[in-house]
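Everything below belongs to target23.csv, which stores CSV, C-alpha atoms.
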```
chain,number,residue,atom,x,y,z
A,957,MET,CA,10.4,69.8,143.6
A,958,THR,CA,10.4,70.3,147.4
A,959,ASN,CA,9.1,73.5,148.9
A,960,SER,CA,11.4,75.2,151.4
A,961,VAL,CA,10.8,76.4,155.0
A,962,GLU,CA,13.0,78.7,157.1
A,963,CYS,CA,13.8,76.9,160.4
A,964,GLU,CA,15.1,78.9,163.4
A,965,SER,CA,17.5,76.1,164.2
A,966,HIS,CA,18.5,74.7,160.8
A,967,GLY,CA,18.0,77.6,158.3
A,968,THR,CA,16.4,77.0,154.9
A,969,GLN,CA,15.3,73.3,154.5
A,970,GLY,CA,12.8,71.3,152.6
A,971,GLU,CA,9.4,71.3,154.2
A,972,THR,CA,7.9,68.2,155.7
A,973,PHE,CA,4.6,67.4,157.5
A,974,VAL,CA,4.0,65.3,160.6
A,975,CYS,CA,1.2,64.8,163.1
A,976,GLN,CA,1.1,67.2,166.0
A,977,HIS,CA,2.2,64.4,168.4
A,978,ILE,CA,5.5,63.9,166.6
A,979,ALA,CA,6.1,67.6,166.5
A,980,ASN,CA,5.4,67.8,170.2
A,981,SER,CA,7.7,64.9,170.9
A,982,LEU,CA,10.6,67.1,169.8
A,983,ARG,CA,9.9,69.5,172.6
A,984,ALA,CA,9.2,66.7,175.2
A,985,ASN,CA,12.0,64.4,173.9
A,986,VAL,CA,9.6,61.5,174.2
A,987,PRO,CA,9.2,59.0,171.4
A,988,VAL,CA,5.7,58.5,170.2
A,989,GLY,CA,6.2,56.2,167.2
A,990,PHE,CA,6.8,57.1,163.6
A,991,PHE,CA,4.8,55.8,160.6
A,992,TRP,CA,4.5,56.8,157.0
A,993,SER,CA,2.9,55.4,153.8
A,994,ASN,CA,4.7,52.5,152.1
A,995,GLU,CA,3.3,54.0,148.9
A,996,SER,CA,5.3,57.2,149.2
A,997,ASN,CA,8.5,57.6,147.1
A,998,THR,CA,9.7,60.8,148.7
A,999,THR,CA,12.7,61.1,151.0
A,1000,ARG,CA,10.7,62.4,153.9
A,1001,PRO,CA,7.1,61.3,153.5
A,1002,ASP,CA,4.3,62.7,155.7
A,1003,ALA,CA,4.5,60.9,159.1
A,1004,TRP,CA,2.3,60.2,162.1
A,1005,CYS,CA,2.6,58.7,165.5
A,1006,GLU,CA,1.4,55.4,167.0
A,1007,GLU,CA,-1.9,56.8,168.3
A,1008,CYS,CA,-2.7,58.4,165.0
A,1009,ASN,CA,-1.8,55.2,163.3
A,1010,GLU,CA,-4.2,53.3,165.5
A,1011,ARG,CA,-7.0,55.8,164.8
A,1012,ALA,CA,-6.5,55.6,161.1
A,1013,THR,CA,-6.4,51.7,161.3
A,1014,ARG,CA,-9.8,51.8,163.1
A,1015,ALA,CA,-11.0,54.0,160.2
A,1016,ASN,CA,-10.0,51.4,157.6
A,1017,GLY,CA,-6.8,53.2,156.8
A,1018,GLU,CA,-8.6,56.5,156.0
A,1019,TRP,CA,-7.9,59.9,157.5
A,1020,VAL,CA,-11.5,60.6,158.4
A,1021,GLY,CA,-13.5,61.4,161.6
A,1022,GLU,CA,-11.4,61.2,164.7
A,1023,ALA,CA,-8.3,60.2,162.8
A,1024,GLU,CA,-8.4,63.4,160.8
A,1025,GLU,CA,-9.6,65.6,163.7
A,1026,LEU,CA,-6.7,64.6,166.0
A,1027,LEU,CA,-3.9,64.4,163.4
A,1028,GLY,CA,-3.2,68.2,163.6
A,1029,ALA,CA,-0.6,68.2,160.9
A,1030,LYS,CA,2.4,70.4,161.6
A,1031,LEU,CA,5.1,71.7,159.3
A,1032,LEU,CA,8.7,70.8,160.1
A,1033,CYS,CA,12.0,71.4,158.3
A,1034,GLY,CA,13.8,68.4,156.9
A,1035,MET,CA,16.4,68.4,159.7
A,1036,CYS,CA,13.8,68.6,162.4
A,1037,TYR,CA,11.9,65.7,160.7
A,1038,ASP,CA,15.1,63.6,160.7
A,1039,ILE,CA,15.7,64.3,164.4
A,1040,ALA,CA,12.1,63.4,165.2
A,1041,LYS,CA,12.4,60.2,163.2
A,1042,ARG,CA,15.5,59.1,165.0
A,1043,LEU,CA,13.9,60.0,168.4
A,1044,CYS,CA,10.7,58.1,167.7
A,1045,LEU,CA,12.3,55.1,166.0
A,1046,GLY,CA,15.3,54.9,168.3
A,1047,SER,CA,17.7,54.5,165.4
A,1048,ASP,CA,19.6,56.3,162.7
A,1049,ASP,CA,17.2,55.1,159.9
```

Could you write out this file's structure as structure tokens?
Amino acid sequence: MTNSVECESHGTQGETFVCQHIANSLRANVPVGFFWSNESNTTRPDAWCEECNERATRANGEWVGEAEELLGAKLLCGMCYDIAKRLCLGSDD
């Protein structure tokens, strides 16, 4: 079961988590990349940007050290997540 969050723009929605850079991209309207685990079977899996992906890759795919420190996970509503995903991927996926 998905937990809910109250969004000022979209009302009650399912909660999602993204890195701080994706959350900030919504304000700046600048795509930063959008990555998620292939192992996730959820509709809106936790997501992270290109730079966070590169840091995690350098840490052998682990969220440790600098990768963890700079992730800065942020809570978004499901609709905000979908908007960020479209912005960052440049598509309707």

I'd like to know which of A:Phe991, A:Trp1004, A:Ala1015, A:Arg1042 is closest to A:Ala979, using only C-alpha atoms. A:Trp1004

What's the separation between atom CA of A:Ile978 and atom CA of A:Gly1021, in Å to one decimal place?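 Spanning atom CA of A:Ile978 to atom CA of A:Gly1021 is a straight-line distance of 19.8 Å.
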
Need the shell around A:Glu1024: protein/DNA/RNA residues with any atom at most 12 Å away, counting only C-alpha atoms. Skip same-chain ones fewer than 2 positions apart. Format as a list of chain:residue names?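 Final neighbour list, sorted by chain and number: A:Cys975, A:Gln976, A:Trp1004, A:Glu1007, A:Cys1008, A:Asn1009, A:Glu1010, A:Arg1011, A:Ala1012, A:Thr1013, A:Arg1014, A:Ala1015, A:Gly1017, A:Glu1018, A:Trp1019, A:Val1020, A:Gly1021, A:Glu1022, A:Leu1026, A:Leu1027, A:Gly1028, A:Ala1029.
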
Identify, on the basis of only C-alpha atoms, every residue whose closest approach to A:Thr999 does not exceed 12 Å; exclude the query and any residue fewer than 2 positions from it along the same chain; express the result as an MDAnalysis selection string. chainID A and resid 957:958 970:972 992:997 1001:1003 1034:1035 1037:1038 1049

So what do you get for atom CA of A:Asn959 versus atom CA of A:Phe990, distance-wise? 22.1 Å

Please measure the separation of atom CA of A:Leu1031 and atom CA of A:Cys963, giving the value in Å to one decimal. 10.2 Å

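Between A:His966 and the residues A:Leu982, A:Cys1005, A:Val988, A:Leu1032, the shortest atom-to-atom distance, using all atoms listed in the file, involves A:Leu1032.
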
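Minimum atom-to-atom distances from A:Ile1039, A:Glu964, A:Arg983, A:His977 to A:Glu1006 were compared using all atoms listed in the file, and the lowest value belongs to A:His977.
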
Calculated over only C-alpha atoms, which of the candidates A:Val986, A:Leu1045, A:Cys1033, A:Ala1023 has the smallest distance to A:Phe973?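 Looking only at the distances to A:Phe973, the closest residue turns out to be A:Cys1033.
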
Pick from A:Gly967, A:Arg1000, A:Leu1043, A:Glu1025, whichever lies nearest to A:Ala984 using all atoms listed in the file: A:Leu1043
